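Asks: First the structure, then my questions, so here it is.
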Amino acid sequence: MSKRHTPVLLALLAALPLLLQPMAQRAFATDPVPAASTRDVKASGRPAFTGAEGLLVQEAPSMPKDISDDQRRQRNYPEQPPVIPHAIAGYQLDLRANKCLTCHAREFTGDSQAPMISVTHFQDRDGQVLGAVSTRRYFCLQCHVPQTDAQPRVVNTFRDVDSVIRENRPPVGEGK
Amino acid sequence: MMIIIQRVLSLARAAWTAFNRPAAHLGIGFLTIGGFVAGVIWWGGFNTALEMTNKEAFCIGCHEMKDNPYADLKQTIHYSNRSGVRATCPDCHVPHNWTDKIARKMQASKEVWGKIFGTIDTPEKFEAKRRELAGHEWARLKANNSLECRNCHSADSMDITRQGARGADAHQRFLFTGQATCIDCHKGIAHRLPDMTGVPIWTMPDRAAASLPDLHSGQR
């Protein structure tokens with residue numbers, strides 16, 4: 001190779017990313033989604049979702065309603081912390097005050113008819129039984145959550161242990 | 001010493017003589033009607049001034065109120081809700097009845113003292129006094145059977161069939177029977193609660209463990 005060609009080759013090599021970039025863009029292009037421009041979003045006056053498809057002007061769903069019917073919900077597995085079947089908006093729950101316990105503490109369940117916090121809440125981490133709610137069980141919302149009528153965005157295929165066992169058990173009368 | 005007392009006595013005597021002397025130049029008609037008009041103006045002015053101090057803008061004119069209790073209120077249903085009806089400071093903290101209002105206003109002179117001497121002029125100072133200040137309001141509402149709550153929330157107009165089952169049940173058993181008044185259960189509905197240790201029906205986590213020697217410090 002002559003010395004004359006070396007600069008040309010080096011220049012080509014340097015320009016390689018620039019030349020390949022449009023080709024790569026075409027090769028890896030995703031489906032042509034009509035992505036909204038920033039101007040469309042601003043004109044709509046509504047919040048925009050961002051994601052792989054770019055900006056999308058989309059009507060935000062209305063705030064889901066709290067479930068507040070006081071009906072106990074079935075647990076999906078025995079250890080599941082029961083969910084809260086009532087609205088808790090405005091309940092103060094911090095180091096200074098715990099609104100939940102004004103009904104669910106043992107001594108007030110007679111007046112409130114609310115379920116008592118379970119016995120596990122009266123034990124510290126060494127299993128030592130305490131007279132009052134353990135500090136590690138004090139923040140109710142770490143485990144117990146209120147419900148809304150929001151529909152899940154992803155289909156849930158969870159099956160509880162009973163239905164799994166039932167399906168795998170041979171029907172009565174067969175076998176043997 | 002005696003001289004000063006004598007001076008004061010003679011001054012008082014002179015004042016009384018001037019006060020007691022019949023008017024020499026003004027007619028009785030002028031004095032009567034003039035006195036009446038002056039009285040009307042004074043009374044109107046007094047009530048206008050009183051009304052001025054009974055507005056939220058006046059209350060939050062001080063940063064102590066604007067940054068602490070008012071900031072609390074804005075987070076609660078008594079400020080922001082679906083129908084847009086809201087309570088202002090005097091709705092809950094000043095009785096509507098005139099004599100009670102004047103009594104409350106006289107108590108409130110303590111707040112002017114607090115303003116001048118800066119007893120709650122930082123968030124930290126306010127937090128330190130929060131339990132005490134909240135306690136005053138709880139005691140006042142307990143003593144007057146939650147009068148300021150009932151200015152808006154009347155038990156007669158309360159349709160318990162429109163309430164949640166738990167609320168309706170509690171109101172029937174405790175409110176309507178007179179066993180409890182609003183403030184007994186509804187604390188912290190317009191402001192953040194202080195540390196509720198020792199307040200009836202409020203349970204705090206077991207503090208017994210905290211009084212044990214600290215196992216980690218090595219100073220058993």
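As shown in the structure tokens, the chain order sets the letters A, B, ...; within each chain, residues go from 1, and ligands are also counted from 1 in the order they appear.
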Can you work out which residues from chain B touch chain A at a cut-off of 7 Å (counting only C-alpha atoms) and hand them back as a PyMOL selection string?

Replies: chain B and resi 76+193-196+201-203+205-206

Asks: Save the residues we just selected, N, CA and C atoms, as a PDB file, in the first residue's frame?

Replies:
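Written output follows (out-v5.pdb):
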```
ATOM      1  N   THR B  76     -55.865  19.936  54.741  1.00  0.00           N
ATOM      2  CA  THR B  76     -56.965  19.132  55.271  1.00  0.00           C
ATOM      3  C   THR B  76     -58.276  19.406  54.544  1.00  0.00           C
ATOM      4  N   LEU B 193     -51.491  16.724  64.068  1.00  0.00           N
ATOM      5  CA  LEU B 193     -51.553  16.426  65.490  1.00  0.00           C
ATOM      6  C   LEU B 193     -50.178  16.535  66.122  1.00  0.00           C
ATOM      7  N   PRO B 194     -50.124  16.918  67.395  1.00  0.00           N
ATOM      8  CA  PRO B 194     -48.850  16.863  68.125  1.00  0.00           C
ATOM      9  C   PRO B 194     -48.575  15.428  68.563  1.00  0.00           C
ATOM     10  N   ASP B 195     -47.531  15.227  69.322  1.00  0.00           N
ATOM     11  CA  ASP B 195     -47.269  13.911  69.911  1.00  0.00           C
ATOM     12  C   ASP B 195     -48.440  13.581  70.830  1.00  0.00           C
ATOM     13  N   MET B 196     -49.170  12.478  70.520  1.00  0.00           N
ATOM     14  CA  MET B 196     -50.422  12.182  71.216  1.00  0.00           C
ATOM     15  C   MET B 196     -50.224  11.285  72.434  1.00  0.00           C
ATOM     16  N   ILE B 201     -57.702   7.744  73.986  1.00  0.00           N
ATOM     17  CA  ILE B 201     -57.945   6.958  72.770  1.00  0.00           C
ATOM     18  C   ILE B 201     -56.789   6.962  71.786  1.00  0.00           C
ATOM     19  N   TRP B 202     -55.710   7.658  72.063  1.00  0.00           N
ATOM     20  CA  TRP B 202     -54.566   7.606  71.153  1.00  0.00           C
ATOM     21  C   TRP B 202     -53.510   6.690  71.741  1.00  0.00           C
ATOM     22  N   THR B 203     -53.145   5.665  70.980  1.00  0.00           N
ATOM     23  CA  THR B 203     -52.199   4.666  71.446  1.00  0.00           C
ATOM     24  C   THR B 203     -50.845   4.903  70.814  1.00  0.00           C
ATOM     25  N   PRO B 205     -46.744   3.430  70.412  1.00  0.00           N
ATOM     26  CA  PRO B 205     -46.067   2.140  70.538  1.00  0.00           C
ATOM     27  C   PRO B 205     -45.493   1.993  71.928  1.00  0.00           C
ATOM     28  N   ASP B 206     -45.308   0.756  72.308  1.00  0.00           N
ATOM     29  CA  ASP B 206     -44.827   0.461  73.652  1.00  0.00           C
ATOM     30  C   ASP B 206     -43.526   1.197  73.930  1.00  0.00           C
TER      31      ASP B 206
END
```

Asks: When DSSP works through the backbone of this structure, what residues of chain B end up as helix (DSSP H, G or I), shown as a PyMOL selection string?

Replies: chain B and resi 2-20+28-52+56-59+63-67+69-73+89-93+98-107+109-117+123-143+147-150+160-162+165-175+182-185+208-211

Asks: What lies within 8 Å of His144 of chain A using only C-alpha atoms, ignoring chain neighbours under 6 positions off, as a ChimeraX atom specification?

Replies: /A:81-84

Asks: Got a sec: who's within 10 Å of Cys152 of chain B, counting only C-alpha atoms, leaving out chain neighbours fewer than 6 positions off, as a VMD selection string?

Replies: chain B and resid 87 91 to 92
